[in-house]
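Everything below concerns the one structure shown next.
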There are 2 protein chains.
Amino acid sequence: MGDTLERETNRLISSDKVEGTAVYNPQNEKLGTITSIMIDKKSGKSQYGVLEFGGIFGLGADHYPVPWDMLTYDTDKGGYVVNLTKEQVTGAPRYARDDTPEYTDDYGRTVYGYYGLSYPML
Amino acid sequence: MGDTLERETNRLISSDKVEGTAVYNPQNEKLGTITSIMIDKKSGKSQYGVLEFGGIFGLGADHYPVPWDMLTYDTDKGGYVVNLTKEQVTGAPRYARDDTPEYTDDYGRTVYGYYGLSYPML
């Protein structure tokens with residue numbers, strides 16, 4: 001009953017709540033925060049959470065598109081959990097904050113490939 | 001070719017670009033702006049664009065959840081187009097900016113019902 005209610009009332013989340021939410025790995029290291037969600041215009045499906053990671057106090061931090069389905073919200077932590085080490089994130093496809101690439105299918109395949117996932121044809 | 005390229009490179013949009021984007025009706029009246037996107041946590045599907053409408057210079061404006069599929073991006077206008085008159089929006093389910101309701105299935109049915117749509121069971 002409590003669980004049903006929980007599920008019912010919290011099924012949706014606002015994009016502006018996701019932005020700024022912390023991301024942890026299972027080792028409880030904070031990897032960074034989600035800066036935005038990349039959404040497929042046609043289907044409305046969230047395809048990536050863009051992780052801001054590295055740098056100091058946000059300076060020099062890069063943006064890492066993480067396939068949305070890799071992110072799990074953890075109510076206890078109050079943030080997302082992703083099964084990646086810091087080293088794995090460090091080597092992942094990234095770009096400077098002011099240098100967002102075009103999210104072509106080629107780019108998507110590069111990102112999904114890095115994470116060992118097959119690229120979804122939406 | 002140009003069309004394919006266009007489709008390929010612009011298939012995704014960033015949530016922080018959607019926020020603040022204008023919404024027009026087919027009569028070219030500006031109805032307001034999208035303040036946020038309500039996203040289904042489990043599926044990642046965008047379910048509503050939340051339209052800020054009414055008031056003066058944002059003061060007293062209310063928030064109107066509009067089913068995402070009703071919103072079509074118009075590159076010429078640089079904003080979304082929704083097939084609604086101002087009167088239809090005025091009468092639609094809404095809430096004060098600081099009084100976001102719980103987006104239960106009941107609430108969803110009320111919203112979708114107002115717009116003559118059947119509520120999607122995600």
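Residue numbering restarts at 1 for every chain of the structure tokens, chains are lettered A, B, ... in their displayed order, and ligands are numbered from 1 as they appear.
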
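If you lay chain B over chain A with a least-squares fit on the Cα atoms, the RMSD you get is 0.1 Å.
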
Write out as a ChimeraX atom specification every residue belonging to chain A that has an atom at most 12 Å from any atom of chain B, counting only C-alpha atoms.
-> /A:4-20,34-50,65,67-74,80,100-108,121-122

Residue neighbourhood stretch 26-31 of chain B, 8 Å, only C-alpha atoms, exclusion window fewer than 3 positions, as a list of chain:residue names =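 Contacts, in chain order: B:Ala22, B:Val23, B:Phe53, B:Gly54, B:Val81, B:Val82, B:Asn83, B:Leu84, B:Lys86.
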
Go through stretch 7-119 of chain A and collect every residue that DSSP, computed from the backbone, puts in strand (DSSP E or B); the answer should be as an NGL selection string.
-> :A and (12-14 or 22-24 or 30-40 or 45-53 or 56 or 59 or 62-67 or 72-74 or 79-81 or 95-96)
